[in-house]
Amino acid sequence: MDPARKRTVRLIVALTAAIFLAGGLMYTSFSAGDPSVTPSKLAASAVPGKSYQVTGKVSAWKKQGSVQRFMLRDRDGARAVPVTYDGPVPDPFRNGREVIITVRKQGTAFVGEKDSLITKCPSKYENKDTPA
Amino acid sequence: MDSATLGRATLILAFGVALYGIGAAVHAGRSQNRDWAASARRAVYTLAALSTVAFAILELAFLRSDFSFATVVSHSSTTTPTGYKAAAAWSSQEGSLLLWLWLLSLWSSLVLYLTRNRMRDVTPYATAVLAVFAAFFAGLLVFAASPFQTLATVPTEGAGLSPLLRHPGMMIHPPMLYSGYTLFTVPFAFAVAALLVRRVDAEWITATRRFALAAWFFLGIGIVLGARWSYSELGWGGYWAWDPVENASLLPWLTGTAFLHSLMIQERRGMLKVWNASLILATGTLAIMGTFLVRSGILDSIHAFGASTLGTPFVIFIAVLIAGSIGLVVSRRDSLRSENRLDSLLSRESVFIANNLVLVGLAFVTFWGTFFPLISEAATGTKSAVGPPWFDRYTVPLALLLVLLSGIGPVIAWRRATAVNARRNFTAPLFGSLAIAVALVILTPAETRPYALGMFFCGAFVFITVGQEFVRGVRARRAMAGGSVPVAFVAMIRRNRRRYGGYIAHVGFATILVGVAASSAFQHAKDVQLVPGQTAKVNGYTFSYAKATGQIVTNGGRLERIEFGAVMRVTKDGERVATLRPNRGYYPVNAPAVPISSAFDGEATSEVGMKAGLGRDVWMAVQPDLGALRPYIEQQDTRLNEAVKAAGTVNPARFGEVRGAIFAEVIRRYVNNTPPATFRVIVSPLVMWIWIGAFITFGGGLIAMWPAPDGVRRRARGRYAARVAKELGRA
């Protein structure tokens, strides 16, 4: 085959493969991604059984054995949802801290998925006016 | 003049000098005037001196607990141990920016000194680019985030370094990351300069290769130290959690690794010029993006780093870098044509290209997953996030391919591999690694995790191919020069540090990924609630909760923290394995009339108990339940409050004594009547090999980076002179 034609064929094959792979990547990310929501949005639109990644501030934290029960509140404090989570909590976890957790709606409460609880480290590069 | 004013003045001067450096360097580049070029270079040296003074002032303020500095008050205290006081300087936004500027100015000075008599057309523009970076960070420090802000009323005590950051990693992990980020700006600057003047041969690469390697080295060490730190913390997701901030540091490392491989093809064959320029421009931009991401608050991360006001300047700067990079590469595409073509798909060049595609693919997957919340919001209006399973789906096969290629690359022939070459180099590694894989299937449960088994096969393939190369090299060396095996081995590496350093790095990298595959595929984790005397079983290990512990830890005679812990005896098949002592520390505020209960509502950290071994790690964290002690603590708070009210004033010394006695009683009650504590127990195989692999990888990097012996350098210079003479002859 003519070398120039061979190079063109190679390029087309490589580009097709790259587009195919990138397309797969994008498709799966949109289908596998958990909606990232605020507590008020979660309260308004959560569908039972579907998982959501919710970010909010902890309040009314109670511990019963290894089960943690707390309310997750919007940053502005407008709305809160009840969350239960079974397992040890990260060190910075406490009332007033912002956390990220993947939950599913079960009845009126939201149950956190195992090991999905992340407490934001509040220590670095924080605005001076951000309450700890 | 007080030190804060001196610091402010130093930064303003640094900003001015950086601006002058840009002007002088651009003028030198346009006029090819050596005096202006020297002046611009000296401006960068001056910048290094000024930022050194500024950084020293800040460090001294932290070490002296000078609470007239606002940043010292919010990030340190008198009870913060000295090492952490020093590290607290870069735990603040402004201190970390100053560290960036300081390191940048040092590396910039070093590269400009080393290239002062080389590439006279390129270096002025490189100086200008480096000065632009410096001006940007100095500008942020002067106008947006000054580390030298002072307080009108000087407090007697500071808030202290967050207990979460009181880990040895804090002292070395950020400086390593920042060294990596700042070092990547050096090849970035030279790439921009080379493109500007259309001098796109391999010389800019040769001049900055060692800086790119050093950037890769430091950034890699920083990433591994971060992983080790994260591994020893409860709730940080183990050594790697695909957190946006972790990913931000991985991105430039991946593209930088690709660049370190592909530059060899440009040096040897004059190929991949567009690719190399694009890679290093992307790497430099990603380094700035990594710095920005940890400050932006635009993505939900464990490292929250609350949203700051620096987002806009960073976004503008990154946009300029991206637009400028694309514009430069596109406008110089004619000059960037390859001098040669790929001879065969079965050649070292092809393997390097494949390796580059895999590394860039990994970087793309990481980038996409990291920024997916922003992408999805822009595309659909709904913010979504992808978790570790999504990342694993793509990165695991790519990592397998990468390790396999890192075994093929060192032994396949340049230009065109022949069947004889393939047979000679791949027969033993292929059969050897297959034999190891079969043995693993027979002897272990490896067949239940196909990807892990695949990684063990690929890892073995790398070990054998590289081992084979070393054996052949030593034999050849002994045939030529005689001597014992160790002498020949050392001499062989000394004579070709770049090649054998690279091989060692490949072995280390394969070791890391074998450790990652084993520890993630065969990990056993369990949460258990126990009281003293009870036991739990995890993966054949028996954990016996022997007793609860508690103690008051002081620093410099002042109370630093109260620890509650456990003594856990670990046995397997009746044999003692280890005694683990995990604990959780609570950090009270050292100020009069602060309630006792606040100590247990405030910052706390877990110290994990760990028995690390070559075969497996046994890891444990404890969360004591202090609920039963609450009534007593609240009762004491009420009594203290009433006493303070009755007295009308607080005697700090007396208050401290009473508070110490109450804490001691809380500990006594906890130890004597221990409530159930929650334990997280993890048994992971081969984790240690991740750290050993990192040591080997970066040891290899260090060997490759180390200057060659005089004789070898002379020969290289001779080859270079011959090439220049040949080119001049052609001209």
# chains A, B, ... in the order shown; residues from 1 in each chain; ligands from 1
call {"tool": "select_by_dssp", "arguments": {"residues": "range 4-131 of chain A", "states": "helix (DSSP H, G or I)", "output": "PyMOL selection string"}}
result
chain A and resi 4-32+39-45
call {"tool": "write_last_selection", "arguments": {"atoms": "N, CA and C atoms", "output": "compact mmCIF listing (two decimals), in the first residue's frame"}}
result
# COMPACT_ATOMS: atom_id res chain seq x y z
N ALA A 4 1.64 6.94 2.14
CA ALA A 4 0.78 8.06 2.56
C ALA A 4 -0.63 7.57 2.86
N ARG A 5 -1.11 6.65 2.01
CA ARG A 5 -2.45 6.09 2.19
C ARG A 5 -2.49 5.25 3.49
N LYS A 6 -1.38 4.52 3.70
CA LYS A 6 -1.28 3.69 4.90
C LYS A 6 -1.38 4.55 6.17
N ARG A 7 -0.67 5.69 6.11
CA ARG A 7 -0.70 6.60 7.27
C ARG A 7 -2.11 7.15 7.49
N THR A 8 -2.78 7.48 6.37
CA THR A 8 -4.14 8.02 6.50
C THR A 8 -5.07 6.98 7.13
N VAL A 9 -4.92 5.73 6.64
CA VAL A 9 -5.77 4.66 7.19
C VAL A 9 -5.51 4.50 8.68
N ARG A 10 -4.21 4.50 9.05
CA ARG A 10 -3.85 4.38 10.47
C ARG A 10 -4.48 5.50 11.29
N LEU A 11 -4.38 6.71 10.74
CA LEU A 11 -4.92 7.87 11.45
C LEU A 11 -6.43 7.74 11.65
N ILE A 12 -7.11 7.31 10.58
CA ILE A 12 -8.57 7.17 10.66
C ILE A 12 -8.93 6.11 11.69
N VAL A 13 -8.20 4.99 11.66
CA VAL A 13 -8.47 3.90 12.63
C VAL A 13 -8.25 4.40 14.06
N ALA A 14 -7.11 5.11 14.25
CA ALA A 14 -6.78 5.60 15.60
C ALA A 14 -7.83 6.60 16.07
N LEU A 15 -8.22 7.51 15.17
CA LEU A 15 -9.21 8.53 15.56
C LEU A 15 -10.57 7.88 15.86
N THR A 16 -10.94 6.90 15.06
CA THR A 16 -12.21 6.20 15.28
C THR A 16 -12.19 5.52 16.66
N ALA A 17 -11.06 4.86 16.93
CA ALA A 17 -10.94 4.17 18.23
C ALA A 17 -11.02 5.18 19.37
N ALA A 18 -10.32 6.31 19.19
CA ALA A 18 -10.32 7.33 20.25
C ALA A 18 -11.72 7.89 20.46
N ILE A 19 -12.43 8.15 19.35
CA ILE A 19 -13.80 8.70 19.46
C ILE A 19 -14.72 7.68 20.13
N PHE A 20 -14.55 6.41 19.73
CA PHE A 20 -15.37 5.34 20.30
C PHE A 20 -15.14 5.23 21.82
N LEU A 21 -13.85 5.24 22.20
CA LEU A 21 -13.52 5.13 23.63
C LEU A 21 -14.00 6.35 24.42
N ALA A 22 -13.78 7.53 23.85
CA ALA A 22 -14.21 8.75 24.54
C ALA A 22 -15.73 8.78 24.67
N GLY A 23 -16.41 8.30 23.61
CA GLY A 23 -17.87 8.24 23.66
C GLY A 23 -18.34 7.32 24.76
N GLY A 24 -17.69 6.15 24.86
CA GLY A 24 -18.04 5.19 25.92
C GLY A 24 -17.84 5.79 27.29
N LEU A 25 -16.72 6.47 27.41
CA LEU A 25 -16.39 7.11 28.69
C LEU A 25 -17.46 8.13 29.08
N MET A 26 -17.85 8.94 28.10
CA MET A 26 -18.84 9.99 28.40
C MET A 26 -20.20 9.37 28.71
N TYR A 27 -20.57 8.35 27.90
CA TYR A 27 -21.87 7.72 28.11
C TYR A 27 -21.95 7.12 29.52
N THR A 28 -20.88 6.35 29.88
CA THR A 28 -20.95 5.68 31.19
C THR A 28 -20.90 6.69 32.33
N SER A 29 -20.18 7.79 32.13
CA SER A 29 -20.12 8.76 33.23
C SER A 29 -21.50 9.38 33.46
N PHE A 30 -22.22 9.64 32.35
CA PHE A 30 -23.56 10.23 32.53
C PHE A 30 -24.54 9.20 33.10
N SER A 31 -24.36 7.91 32.71
CA SER A 31 -25.31 6.92 33.22
C SER A 31 -24.94 6.45 34.63
N ALA A 32 -23.63 6.48 34.96
CA ALA A 32 -23.21 5.96 36.27
C ALA A 32 -23.15 7.05 37.34
N PRO A 39 -29.45 19.27 50.29
CA PRO A 39 -30.53 18.64 51.07
C PRO A 39 -31.92 19.09 50.63
N SER A 40 -32.11 20.37 50.30
CA SER A 40 -33.45 20.82 49.92
C SER A 40 -33.89 20.18 48.60
N LYS A 41 -32.94 20.03 47.68
CA LYS A 41 -33.28 19.39 46.40
C LYS A 41 -33.57 17.90 46.63
N LEU A 42 -32.81 17.30 47.53
CA LEU A 42 -33.02 15.89 47.85
C LEU A 42 -34.42 15.70 48.45
N ALA A 43 -34.77 16.58 49.37
CA ALA A 43 -36.08 16.48 50.02
C ALA A 43 -37.20 16.65 49.00
N ALA A 44 -36.96 17.49 48.02
CA ALA A 44 -38.04 17.81 47.07
C ALA A 44 -38.19 16.75 45.99
N SER A 45 -37.07 16.10 45.58
CA SER A 45 -37.19 15.29 44.36
C SER A 45 -36.61 13.89 44.45
call {"tool": "select_by_dssp", "arguments": {"residues": "chain A", "states": "strand (DSSP E)", "output": "PyMOL selection string"}}
result
chain A and resi 34-37+51-64+67-73+80-86+98-106+109-112+118-119
call {"tool": "residues_around", "arguments": {"residues": "Val103 in chain A", "least_positions_apart": "6", "cutoff": "9 Å", "atoms": "only C-alpha atoms", "output": "list in words"}}
result
Lys50, Ser51, Tyr52, Gln53, Val54, Val83, Thr84, Tyr85, Phe110, Val111, Gly112, Glu113 and Ser116 of chain A
call {"tool": "closest_residue", "arguments": {"among": "A:Gly65, A:Pro82, A:Gly96, A:Gly107", "to": "chain B", "atoms": "only C-alpha atoms"}}
result
A:Gly65
call {"tool": "closest_residue", "arguments": {"among": "B:Gly540, B:Pro675, B:Pro389, B:Val462", "to": "Phe564 in chain B", "atoms": "only C-alpha atoms"}}
result
B:Pro675
call {"tool": "residues_around", "arguments": {"residues": "Asn425 in chain B", "least_positions_apart": "6", "cutoff": "10 Å", "atoms": "only C-alpha atoms", "output": "count of residues only"}}
result
9
call {"tool": "closest_residue", "arguments": {"among": "B:Ala144, B:Ala4, B:Ala518, B:Val507", "to": "Tyr451 in chain B", "atoms": "only C-alpha atoms"}}
result
B:Ala518
call {"tool": "residues_around", "arguments": {"residues": "Trp253 in chain B", "least_positions_apart": "5", "cutoff": "8 Å", "atoms": "only C-alpha atoms", "output": "list of chain:residue names"}}
result
B:Trp216, B:Leu219, B:Gly220, B:Thr283
call {"tool": "residues_around", "arguments": {"residues": "range 87-89 of chain B", "least_positions_apart": "4", "cutoff": "7 Å", "atoms": "only C-alpha atoms", "output": "VMD selection string"}}
result
chain B and resid 58 to 59 62 75 to 76 83 95 161 170 to 171
call {"tool": "write_last_selection", "arguments": {"atoms": "C-alpha atoms", "output": "mmCIF file, in the first residue's frame"}}
result
data_model
loop_
_atom_site.group_PDB
_atom_site.id
_atom_site.type_symbol
_atom_site.label_atom_id
_atom_site.label_comp_id
_atom_site.auth_asym_id
_atom_site.auth_seq_id
_atom_site.Cartn_x
_atom_site.Cartn_y
_atom_site.Cartn_z
ATOM 1 C CA LEU B 58 6.864 34.026 57.930
ATOM 2 C CA GLU B 59 8.536 30.888 59.236
ATOM 3 C CA PHE B 62 5.309 30.793 63.248
ATOM 4 C CA HIS B 75 -3.031 28.310 62.149
ATOM 5 C CA SER B 76 -0.733 27.880 65.141
ATOM 6 C CA GLY B 83 7.816 20.782 63.728
ATOM 7 C CA GLY B 95 1.587 30.767 53.365
ATOM 8 C CA LEU B 161 -2.770 23.793 63.710
ATOM 9 C CA MET B 170 2.275 17.703 56.770
ATOM 10 C CA MET B 171 5.931 18.663 57.100
#
